[in-house]
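Structure file entry13.pdb (PDB, C-alpha atoms and all ligand atoms) follows.
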ATOM      1  CA  MET A   1     132.382 125.312  67.238
ATOM      2  CA  HIS A   2     128.646 124.730  67.215
ATOM      3  CA  ARG A   3     126.450 121.675  66.920
ATOM      4  CA  ILE A   4     124.278 121.695  63.828
ATOM      5  CA  LEU A   5     121.555 119.207  62.957
ATOM      6  CA  ILE A   6     120.687 118.570  59.305
ATOM      7  CA  ILE A   7     117.293 116.979  58.668
ATOM      8  CA  ASP A   8     117.057 115.972  55.029
ATOM      9  CA  ASP A   9     116.086 112.734  53.308
ATOM     10  CA  SER A  10     118.427 113.447  50.396
ATOM     11  CA  LYS A  11     121.772 111.897  51.293
ATOM     12  CA  LEU A  12     123.448 113.995  48.618
ATOM     13  CA  ILE A  13     122.213 117.338  50.042
ATOM     14  CA  ALA A  14     122.822 116.250  53.630
ATOM     15  CA  HIS A  15     126.427 115.234  52.975
ATOM     16  CA  LEU A  16     127.137 118.315  50.900
ATOM     17  CA  ALA A  17     125.956 120.546  53.739
ATOM     18  CA  LYS A  18     127.762 118.399  56.285
ATOM     19  CA  ASN A  19     131.076 118.771  54.432
ATOM     20  CA  ILE A  20     130.715 122.540  54.205
ATOM     21  CA  LEU A  21     129.899 122.897  57.909
ATOM     22  CA  SER A  22     132.420 120.342  59.175
ATOM     23  CA  LYS A  23     135.192 122.188  57.339
ATOM     24  CA  ARG A  24     134.337 125.253  59.471
ATOM     25  CA  GLY A  25     134.785 123.221  62.611
ATOM     26  CA  HIS A  26     131.118 122.560  63.406
ATOM     27  CA  GLU A  27     129.869 119.288  64.800
ATOM     28  CA  VAL A  28     127.210 117.996  62.399
ATOM     29  CA  LEU A  29     124.415 115.539  63.184
ATOM     30  CA  LEU A  30     122.301 113.972  60.434
ATOM     31  CA  ALA A  31     118.700 112.796  60.366
ATOM     32  CA  GLY A  32     117.055 111.289  57.294
ATOM     33  CA  ASP A  33     113.437 111.805  58.400
ATOM     34  CA  GLY A  34     111.323 114.039  60.624
ATOM     35  CA  LYS A  35     110.853 111.632  63.522
ATOM     36  CA  THR A  36     114.598 110.975  63.861
ATOM     37  CA  GLY A  37     115.246 114.714  63.535
ATOM     38  CA  LEU A  38     112.860 115.541  66.385
ATOM     39  CA  ASP A  39     114.449 112.903  68.630
ATOM     40  CA  ILE A  40     117.984 114.157  67.936
ATOM     41  CA  ALA A  41     116.880 117.784  68.471
ATOM     42  CA  LYS A  42     115.436 116.894  71.882
ATOM     43  CA  ASP A  43     118.353 114.726  73.027
ATOM     44  CA  ASN A  44     121.318 116.674  71.644
ATOM     45  CA  LYS A  45     120.147 120.319  71.796
ATOM     46  CA  PRO A  46     121.808 121.487  68.573
ATOM     47  CA  ASP A  47     122.619 125.192  68.205
ATOM     48  CA  LEU A  48     120.953 125.322  64.799
ATOM     49  CA  ILE A  49     118.864 123.088  62.515
ATOM     50  CA  LEU A  50     118.879 122.876  58.731
ATOM     51  CA  LEU A  51     115.482 121.511  57.811
ATOM     52  CA  ASP A  52     114.261 120.095  54.521
ATOM     53  CA  LEU A  53     110.536 120.706  54.020
ATOM     54  CA  ILE A  54     109.677 117.627  51.978
ATOM     55  CA  LEU A  55     110.359 114.639  54.175
ATOM     56  CA  PRO A  56     108.967 111.121  54.394
ATOM     57  CA  GLY A  57     106.571 110.651  57.320
ATOM     58  CA  ILE A  58     106.354 113.837  59.390
ATOM     59  CA  ASP A  59     107.017 116.702  56.962
ATOM     60  CA  GLY A  60     109.259 119.718  57.551
ATOM     61  CA  TYR A  61     106.430 122.071  58.590
ATOM     62  CA  GLU A  62     105.267 119.684  61.278
ATOM     63  CA  VAL A  63     108.865 119.166  62.461
ATOM     64  CA  CYS A  64     109.245 122.956  62.643
ATOM     65  CA  ARG A  65     105.963 123.349  64.544
ATOM     66  CA  ARG A  66     106.904 120.670  67.097
ATOM     67  CA  ILE A  67     110.381 122.067  67.666
ATOM     68  CA  LYS A  68     108.956 125.563  68.217
ATOM     69  CA  ASN A  69     106.230 124.276  70.542
ATOM     70  CA  ASN A  70     108.599 122.367  72.801
ATOM     71  CA  SER A  71     110.129 124.638  75.443
ATOM     72  CA  THR A  72     113.414 122.685  75.450
ATOM     73  CA  THR A  73     113.938 123.173  71.689
ATOM     74  CA  ALA A  74     111.967 126.370  70.958
ATOM     75  CA  ASP A  75     115.043 128.626  70.958
ATOM     76  CA  ILE A  76     116.945 126.619  68.350
ATOM     77  CA  PRO A  77     117.032 128.590  65.085
ATOM     78  CA  ILE A  78     115.763 126.692  62.038
ATOM     79  CA  ILE A  79     116.926 127.362  58.499
ATOM     80  CA  MET A  80     114.689 125.732  55.889
ATOM     81  CA  LEU A  81     116.192 124.019  52.898
ATOM     82  CA  THR A  82     113.822 124.732  50.014
ATOM     83  CA  SER A  83     113.835 124.382  46.267
ATOM     84  CA  LYS A  84     113.226 127.334  43.961
ATOM     85  CA  ALA A  85     109.616 126.428  43.171
ATOM     86  CA  GLU A  86     108.475 126.508  46.765
ATOM     87  CA  HIS A  87     107.862 130.220  47.325
ATOM     88  CA  ALA A  88     104.585 129.846  49.221
ATOM     89  CA  ASP A  89     106.199 127.106  51.296
ATOM     90  CA  LYS A  90     108.954 129.429  52.464
ATOM     91  CA  VAL A  91     106.365 131.865  53.735
ATOM     92  CA  GLN A  92     104.512 129.112  55.535
ATOM     93  CA  GLY A  93     107.739 127.859  57.105
ATOM     94  CA  LEU A  94     108.674 131.344  58.289
ATOM     95  CA  GLU A  95     105.220 131.769  59.782
ATOM     96  CA  MET A  96     105.708 128.546  61.711
ATOM     97  CA  GLY A  97     108.816 129.898  63.376
ATOM     98  CA  ALA A  98     111.683 129.120  61.012
ATOM     99  CA  SER A  99     114.321 131.866  61.064
ATOM    100  CA  ASP A 100     115.398 131.777  57.445
ATOM    101  CA  TYR A 101     115.707 129.655  54.322
ATOM    102  CA  VAL A 102     118.370 128.608  51.863
ATOM    103  CA  THR A 103     117.409 127.644  48.325
ATOM    104  CA  LYS A 104     118.725 124.387  46.929
ATOM    105  CA  PRO A 105     121.070 123.812  45.226
ATOM    106  CA  PHE A 106     122.817 126.125  47.665
ATOM    107  CA  ASP A 107     125.964 128.086  47.284
ATOM    108  CA  GLU A 108     128.635 127.308  49.898
ATOM    109  CA  GLY A 109     129.238 130.955  50.766
ATOM    110  CA  GLU A 110     125.536 131.681  51.177
ATOM    111  CA  LEU A 111     124.946 128.660  53.393
ATOM    112  CA  ILE A 112     127.847 129.613  55.663
ATOM    113  CA  ALA A 113     126.772 133.251  55.816
ATOM    114  CA  ARG A 114     123.202 132.379  56.829
ATOM    115  CA  VAL A 115     124.296 129.776  59.343
ATOM    116  CA  ASN A 116     126.766 132.200  60.923
ATOM    117  CA  THR A 117     124.172 134.966  61.126
ATOM    118  CA  HIS A 118     121.706 132.809  63.011
ATOM    119  CA  LEU A 119     124.337 131.297  65.284
ATOM    120  CA  ARG A 120     125.422 134.835  66.160
ATOM    121  CA  ILE A 121     121.834 135.877  66.908
ATOM    122  CA  LYS A 122     121.410 132.806  69.101
ATOM    123  CA  VAL A 123     124.534 133.619  71.125
ATOM    124  CA  LEU A 124     123.354 137.217  71.595
ATOM    125  CA  HIS A 125     119.901 136.022  72.578
ATOM    126  CA  GLU A 126     121.361 133.670  75.171
ATOM    127  CA  SER A 127     123.582 136.323  76.696
ATOM    128  CA  LEU A 128     120.574 138.658  76.861
ATOM    129  CA  GLN A 129     118.565 135.978  78.651
ATOM    130  CA  GLU A 130     121.428 135.467  81.106
ATOM    131  CA  LYS A 131     121.605 139.226  81.771
ATOM    132  CA  ASN A 132     117.858 139.297  82.350
ATOM    133  CA  ARG A 133     118.166 136.430  84.779
ATOM    134  CA  GLN A 134     120.921 138.291  86.648
ATOM    135  CA  LEU A 135     118.838 141.481  86.728
ATOM    136  CA  PHE A 136     115.844 139.586  88.050
ATOM    137  CA  GLU A 137     118.049 138.027  90.723
ATOM    138  CA  MET A 138     119.572 141.412  91.639
ATOM    139  CA  ALA A 139     116.107 142.952  91.949
ATOM    140  CA  ASN A 140     115.319 140.398  94.666
ATOM    141  CA  ARG A 141     118.547 140.846  96.594
ATOM    142  CA  ASP A 142     119.741 143.268  99.206
ATOM    143  CA  GLY A 143     122.748 145.105  97.810
ATOM    144  CA  LEU A 144     124.818 145.082 101.000
ATOM    145  CA  THR A 145     124.374 141.595 102.433
ATOM    146  CA  GLY A 146     123.483 139.662  99.272
ATOM    147  CA  LEU A 147     120.536 138.122 101.121
ATOM    148  CA  TYR A 148     117.013 138.439  99.744
ATOM    149  CA  ASN A 149     115.377 141.823 100.246
ATOM    150  CA  HIS A 150     112.292 142.842 102.192
ATOM    151  CA  ARG A 151     109.920 142.789  99.212
ATOM    152  CA  TYR A 152     111.026 139.344  98.060
ATOM    153  CA  PHE A 153     110.727 137.991 101.588
ATOM    154  CA  GLN A 154     107.161 139.300 101.939
ATOM    155  CA  GLU A 155     106.059 137.940  98.555
ATOM    156  CA  THR A 156     107.664 134.573  99.154
ATOM    157  CA  LEU A 157     106.259 134.163 102.645
ATOM    158  CA  PHE A 158     102.786 135.102 101.408
ATOM    159  CA  ASN A 159     102.909 132.329  98.776
ATOM    160  CA  ASP A 160     104.556 129.847 101.108
ATOM    161  CA  PHE A 161     101.918 130.427 103.737
ATOM    162  CA  GLN A 162      99.116 129.639 101.272
ATOM    163  CA  ARG A 163     100.904 126.431 100.373
ATOM    164  CA  ALA A 164     101.462 125.508 104.017
ATOM    165  CA  ILE A 165      97.714 125.829 104.645
ATOM    166  CA  ARG A 166      96.769 123.856 101.547
ATOM    167  CA  TYR A 167      99.165 120.990 102.186
ATOM    168  CA  LYS A 168      99.001 121.176 105.981
ATOM    169  CA  GLU A 169     102.741 121.761 106.291
ATOM    170  CA  SER A 170     104.514 123.445 109.166
ATOM    171  CA  LEU A 171     106.247 126.731 108.394
ATOM    172  CA  SER A 172     108.367 128.860 110.686
ATOM    173  CA  CYS A 173     109.471 132.457 110.615
ATOM    174  CA  ILE A 174     112.387 133.855 112.599
ATOM    175  CA  MET A 175     112.923 137.583 113.018
ATOM    176  CA  PHE A 176     116.121 138.790 114.581
ATOM    177  CA  ASP A 177     118.236 141.875 114.941
ATOM    178  CA  ILE A 178     121.653 142.862 116.163
ATOM    179  CA  ASP A 179     121.725 143.969 119.793
ATOM    180  CA  HIS A 180     122.633 147.619 120.413
ATOM    181  CA  PHE A 181     123.462 148.150 116.777
ATOM    182  CA  LYS A 182     122.858 151.882 117.000
ATOM    183  CA  LYS A 183     125.396 152.242 119.787
ATOM    184  CA  PHE A 184     127.723 150.153 117.710
ATOM    185  CA  ASN A 185     127.377 152.461 114.702
ATOM    186  CA  ASP A 186     127.869 155.516 116.910
ATOM    187  CA  THR A 187     131.086 154.087 118.383
ATOM    188  CA  TYR A 188     132.776 152.605 115.315
ATOM    189  CA  GLY A 189     131.072 154.441 112.437
ATOM    190  CA  HIS A 190     128.610 153.344 109.803
ATOM    191  CA  GLN A 191     131.276 151.838 107.587
ATOM    192  CA  THR A 192     132.194 149.349 110.295
ATOM    193  CA  GLY A 193     128.464 148.763 110.801
ATOM    194  CA  ASP A 194     128.156 147.864 107.134
ATOM    195  CA  VAL A 195     131.125 145.478 107.370
ATOM    196  CA  ILE A 196     129.337 143.689 110.214
ATOM    197  CA  LEU A 197     126.033 143.496 108.324
ATOM    198  CA  LYS A 198     127.765 142.110 105.279
ATOM    199  CA  ALA A 199     129.725 139.511 107.263
ATOM    200  CA  LEU A 200     126.589 138.574 109.174
ATOM    201  CA  GLY A 201     124.756 138.000 105.872
ATOM    202  CA  LYS A 202     127.504 135.632 104.703
ATOM    203  CA  LEU A 203     127.549 133.816 108.034
ATOM    204  CA  ILE A 204     123.782 133.272 108.033
ATOM    205  CA  GLU A 205     123.844 131.982 104.476
ATOM    206  CA  LYS A 206     126.547 129.501 105.476
ATOM    207  CA  LEU A 207     124.737 128.330 108.595
ATOM    208  CA  MET A 208     121.266 127.913 107.090
ATOM    209  CA  ARG A 209     119.877 124.971 105.172
ATOM    210  CA  ARG A 210     119.970 125.693 101.469
ATOM    211  CA  SER A 211     116.251 125.059 101.200
ATOM    212  CA  ASP A 212     115.405 127.801 103.716
ATOM    213  CA  LEU A 213     115.329 131.497 102.973
ATOM    214  CA  ALA A 214     117.222 134.364 104.584
ATOM    215  CA  ALA A 215     116.427 138.028 104.017
ATOM    216  CA  ARG A 216     117.549 141.395 105.268
ATOM    217  CA  TYR A 217     114.306 142.814 106.575
ATOM    218  CA  GLY A 218     115.640 146.336 106.951
ATOM    219  CA  GLY A 219     118.455 148.123 108.829
ATOM    220  CA  GLU A 220     119.937 145.583 111.216
ATOM    221  CA  GLU A 221     116.845 143.374 111.088
ATOM    222  CA  PHE A 222     116.812 139.978 109.418
ATOM    223  CA  ALA A 223     114.092 137.472 108.656
ATOM    224  CA  LEU A 224     114.245 133.763 107.962
ATOM    225  CA  ILE A 225     111.732 131.309 106.549
ATOM    226  CA  LEU A 226     112.160 127.687 107.605
ATOM    227  CA  TYR A 227     110.180 125.174 105.591
ATOM    228  CA  HIS A 228     108.606 122.021 107.029
ATOM    229  CA  THR A 229     109.784 123.193 110.428
ATOM    230  CA  THR A 230     107.771 123.116 113.644
ATOM    231  CA  ILE A 231     108.202 125.700 116.394
ATOM    232  CA  ASN A 232     110.409 123.366 118.466
ATOM    233  CA  ASN A 233     112.792 122.721 115.602
ATOM    234  CA  ALA A 234     112.786 126.384 114.608
ATOM    235  CA  VAL A 235     113.827 127.312 118.157
ATOM    236  CA  ILE A 236     116.677 124.771 117.994
ATOM    237  CA  THR A 237     117.829 126.306 114.699
ATOM    238  CA  ALA A 238     117.533 129.833 116.107
ATOM    239  CA  GLU A 239     119.517 128.884 119.184
ATOM    240  CA  ARG A 240     122.249 127.351 117.021
ATOM    241  CA  LEU A 241     122.453 130.527 114.922
ATOM    242  CA  ARG A 242     122.488 132.750 117.988
ATOM    243  CA  LYS A 243     125.390 130.823 119.535
ATOM    244  CA  SER A 244     127.394 130.754 116.287
ATOM    245  CA  ILE A 245     127.021 134.495 115.849
ATOM    246  CA  GLU A 246     127.914 135.170 119.469
ATOM    247  CA  LYS A 247     131.151 133.190 119.029
ATOM    248  CA  HIS A 248     132.038 134.656 115.642
ATOM    249  CA  LYS A 249     134.844 137.203 115.480
ATOM    250  CA  PHE A 250     133.872 139.970 113.075
ATOM    251  CA  LYS A 251     136.874 141.689 111.551
ATOM    252  CA  SER A 252     136.870 145.273 110.373
ATOM    253  CA  GLU A 253     140.357 146.603 109.543
ATOM    254  CA  ASP A 254     142.284 146.276 112.842
ATOM    255  CA  LEU A 255     139.189 145.732 114.936
ATOM    256  CA  ILE A 256     137.911 142.359 116.064
ATOM    257  CA  LEU A 257     134.324 142.713 117.177
ATOM    258  CA  ASN A 258     131.662 140.548 118.709
ATOM    259  CA  VAL A 259     127.964 140.950 118.186
ATOM    260  CA  THR A 260     124.949 139.270 119.686
ATOM    261  CA  ILE A 261     121.443 138.947 118.304
ATOM    262  CA  SER A 262     117.952 138.682 119.720
ATOM    263  CA  MET A 263     115.519 136.377 118.009
ATOM    264  CA  GLY A 264     111.773 135.863 117.844
ATOM    265  CA  VAL A 265     110.273 132.668 116.469
ATOM    266  CA  ALA A 266     106.719 132.018 115.315
ATOM    267  CA  SER A 267     105.319 129.024 113.485
ATOM    268  CA  TYR A 268     102.339 127.757 111.638
ATOM    269  CA  TYR A 269     100.401 125.775 112.786
ATOM    270  CA  HIS A 270      99.295 128.031 115.673
ATOM    271  CA  PRO A 271      95.633 128.875 116.458
ATOM    272  CA  ASP A 272      96.356 132.647 116.424
ATOM    273  CA  ILE A 273      98.250 132.598 113.133
ATOM    274  CA  GLN A 274      96.134 132.348 109.984
ATOM    275  CA  ASP A 275      98.075 134.432 107.481
ATOM    276  CA  ALA A 276     101.608 135.446 106.565
ATOM    277  CA  LYS A 277     101.221 138.961 107.948
ATOM    278  CA  THR A 278     100.272 137.626 111.385
ATOM    279  CA  LEU A 279     103.133 135.137 111.276
ATOM    280  CA  ILE A 280     105.592 138.021 110.822
ATOM    281  CA  GLU A 281     103.872 140.094 113.518
ATOM    282  CA  CYS A 282     104.010 137.209 115.995
ATOM    283  CA  ALA A 283     107.711 136.573 115.298
ATOM    284  CA  ASP A 284     108.225 140.318 115.773
ATOM    285  CA  LYS A 285     106.374 140.267 119.109
ATOM    286  CA  ALA A 286     108.573 137.395 120.264
ATOM    287  CA  LEU A 287     111.651 139.375 119.168
ATOM    288  CA  TYR A 288     110.438 142.366 121.162
ATOM    289  CA  LYS A 289     110.082 140.113 124.212
ATOM    290  CA  ALA A 290     113.638 138.787 123.703
ATOM    291  CA  LYS A 291     114.868 142.395 123.714
ATOM    292  CA  LYS A 292     112.943 143.208 126.883
ATOM    293  CA  GLU A 293     114.228 140.114 128.631
ATOM    294  CA  GLY A 294     117.828 141.175 128.260
ATOM    295  CA  ARG A 295     118.786 140.458 124.609
ATOM    296  CA  ASN A 296     121.110 137.777 123.170
ATOM    297  CA  LYS A 297     118.327 135.233 123.423
ATOM    298  CA  VAL A 298     115.644 133.330 121.524
ATOM    299  CA  VAL A 299     111.962 133.695 122.372
ATOM    300  CA  ALA A 300     109.178 131.589 120.850
ATOM    301  CA  PHE A 301     105.732 133.106 120.306
TER     302      PHE A 301
HETATM  303 MG    MG B 401     113.333 116.101  50.840
END
Would you encode the structure as structure tokens?
Ligand SMILES: [Mg+2]
Amino acid sequence: MHRILIIDDSKLIAHLAKNILSKRGHEVLLAGDGKTGLDIAKDNKPDLILLDLILPGIDGYEVCRRIKNNSTTADIPIIMLTSKAEHADKVQGLEMGASDYVTKPFDEGELIARVNTHLRIKVLHESLQEKNRQLFEMANRDGLTGLYNHRYFQETLFNDFQRAIRYKESLSCIMFDIDHFKKFNDTYGHQTGDVILKALGKLIEKLMRRSDLAARYGGEEFALILYHTTINNAVITAERLRKSIEKHKFKSEDLILNVTISMGVASYYHPDIQDAKTLIECADKALYKAKKEGRNKVVAF
């Protein structure tokens, strides 16, 4: 079942079309003039519109133009209802974005066939858009952990840093990695290593605020962006994450394993940090210090 809007000032035509479409199980909305039609289109998001060209007030061309120029209604297919004499009008309507036309008085079979064709195209178009959205999302994600990937993290932080400067907002970056991960891989194998990375990704996602961003930076290295967060609060967050991960029991087949992480925190505003690249470098330096000072700890730059 689809929702179809008929915009026609002729009650006879409108009800004829309504009967034909209702019989096929469609929900039909009626508008007797252009203004009402535009309002219903915006509020009810029909799947298709049958549009008469000669209307009182705003005419069919203008209705078509406005529907196609509004991003919330632009994807709704429009079938014009025209009379035989209006050949040039059909062309004009098609140029304005209408998908098709049906000549009045219309044949029931033809009306149904055209409506079905354009409903089918709309469904295909929507599923294509959804697939594109999924592809776009996948391109930004790390395949193993499901967190954002290195490239997306860099791009996002670059933009976020510009915004932080402009609006004088605090912005924190945390870099961390798993302690002795290499030794871990050597002992239990890479497959177990991957199980840990994957579980760690899930755990981080669960522990972080939804508004913040978590990425796999590479190998066993992770990076976080914390918005509107000063260095002190970022350290508190880091410490909370570190403790949760230390306590977590990672399961891989029969093994129950514990891991610890070392973390470096850097924040804007800081006199030495004036761009995103430096913010990452400073968080990395702090991470290096955490490693040198014995691991399983948080160090602020
Ligand atoms: Mg009319």
| request: List the residues selected by the PyMOL selection byres (((not hetatm)) within 12 of (chain B and resi 401)) in the file shown, writing them as a PyMOL selection string. | output: chain A and resi 6-14+31-34+50-61+80-83+104
| So, counting all atoms listed in the file, which residue among A:Asp194, A:Asp212, A:Glu169, A:Asp272 is closest to Phe250 in chain A? | A:Asp194
| request: Name the residues, using the chain letters and numbers of the file, that sit within 10 Å of (125.9, 142.2, 105.0) when counting all atoms listed in the file, and give them as a PyMOL selection string. | output: chain A and resi 142-147+193-204+216+220
| said: Around (123.7, 131.0, 58.1), as given in the file, which residues come within 10 Å? Count all atoms listed in the file and list them as a VMD selection string. | reply: chain A and resid 48 50 77 to 79 99 to 102 109 to 120
Just the selected residues (C-alpha atoms), exported as an mmCIF file, keeping the file's coordinate frame, please.
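Dumped to again39.cif:
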data_model
loop_
_atom_site.group_PDB
_atom_site.id
_atom_site.type_symbol
_atom_site.label_atom_id
_atom_site.label_comp_id
_atom_site.auth_asym_id
_atom_site.auth_seq_id
_atom_site.Cartn_x
_atom_site.Cartn_y
_atom_site.Cartn_z
ATOM 1 C CA LEU A 48 120.953 125.322 64.799
ATOM 2 C CA LEU A 50 118.879 122.876 58.731
ATOM 3 C CA PRO A 77 117.032 128.590 65.085
ATOM 4 C CA ILE A 78 115.763 126.692 62.038
ATOM 5 C CA ILE A 79 116.926 127.362 58.499
ATOM 6 C CA SER A 99 114.321 131.866 61.064
ATOM 7 C CA ASP A 100 115.398 131.777 57.445
ATOM 8 C CA TYR A 101 115.707 129.655 54.322
ATOM 9 C CA VAL A 102 118.370 128.608 51.863
ATOM 10 C CA GLY A 109 129.238 130.955 50.766
ATOM 11 C CA GLU A 110 125.536 131.681 51.177
ATOM 12 C CA LEU A 111 124.946 128.660 53.393
ATOM 13 C CA ILE A 112 127.847 129.613 55.663
ATOM 14 C CA ALA A 113 126.772 133.251 55.816
ATOM 15 C CA ARG A 114 123.202 132.379 56.829
ATOM 16 C CA VAL A 115 124.296 129.776 59.343
ATOM 17 C CA ASN A 116 126.766 132.200 60.923
ATOM 18 C CA THR A 117 124.172 134.966 61.126
ATOM 19 C CA HIS A 118 121.706 132.809 63.011
ATOM 20 C CA LEU A 119 124.337 131.297 65.284
ATOM 21 C CA ARG A 120 125.422 134.835 66.160
#
| field | Contacts of Thr192 in chain A within 9 Å, all atoms listed in the file, excl. fewer than 5 positions in-chain, as a ChimeraX atom specification | value | /A:184-185,197,252-253
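CA of Pro271 in chain A is positioned 13.7 Å from CA of Thr230 in chain A.
Residue nearest Glu293 in chain A, chosen from A:Gly264, A:Phe158, A:His270, A:Phe153 and counting only C-alpha atoms: A:Gly264.
Relative to CA of Asp47 in chain A, CA of Arg3 in chain A is found at 5.4 Å.
Considering the residues A:Gln274, A:Gln162, A:Thr229, A:Asn296 and counting only C-alpha atoms, Ser244 in chain A has its shortest atom-to-atom contact with A:Asn296.
The space between CA of Cys173 in chain A and CA of Ile273 in chain A spans 11.5 Å.
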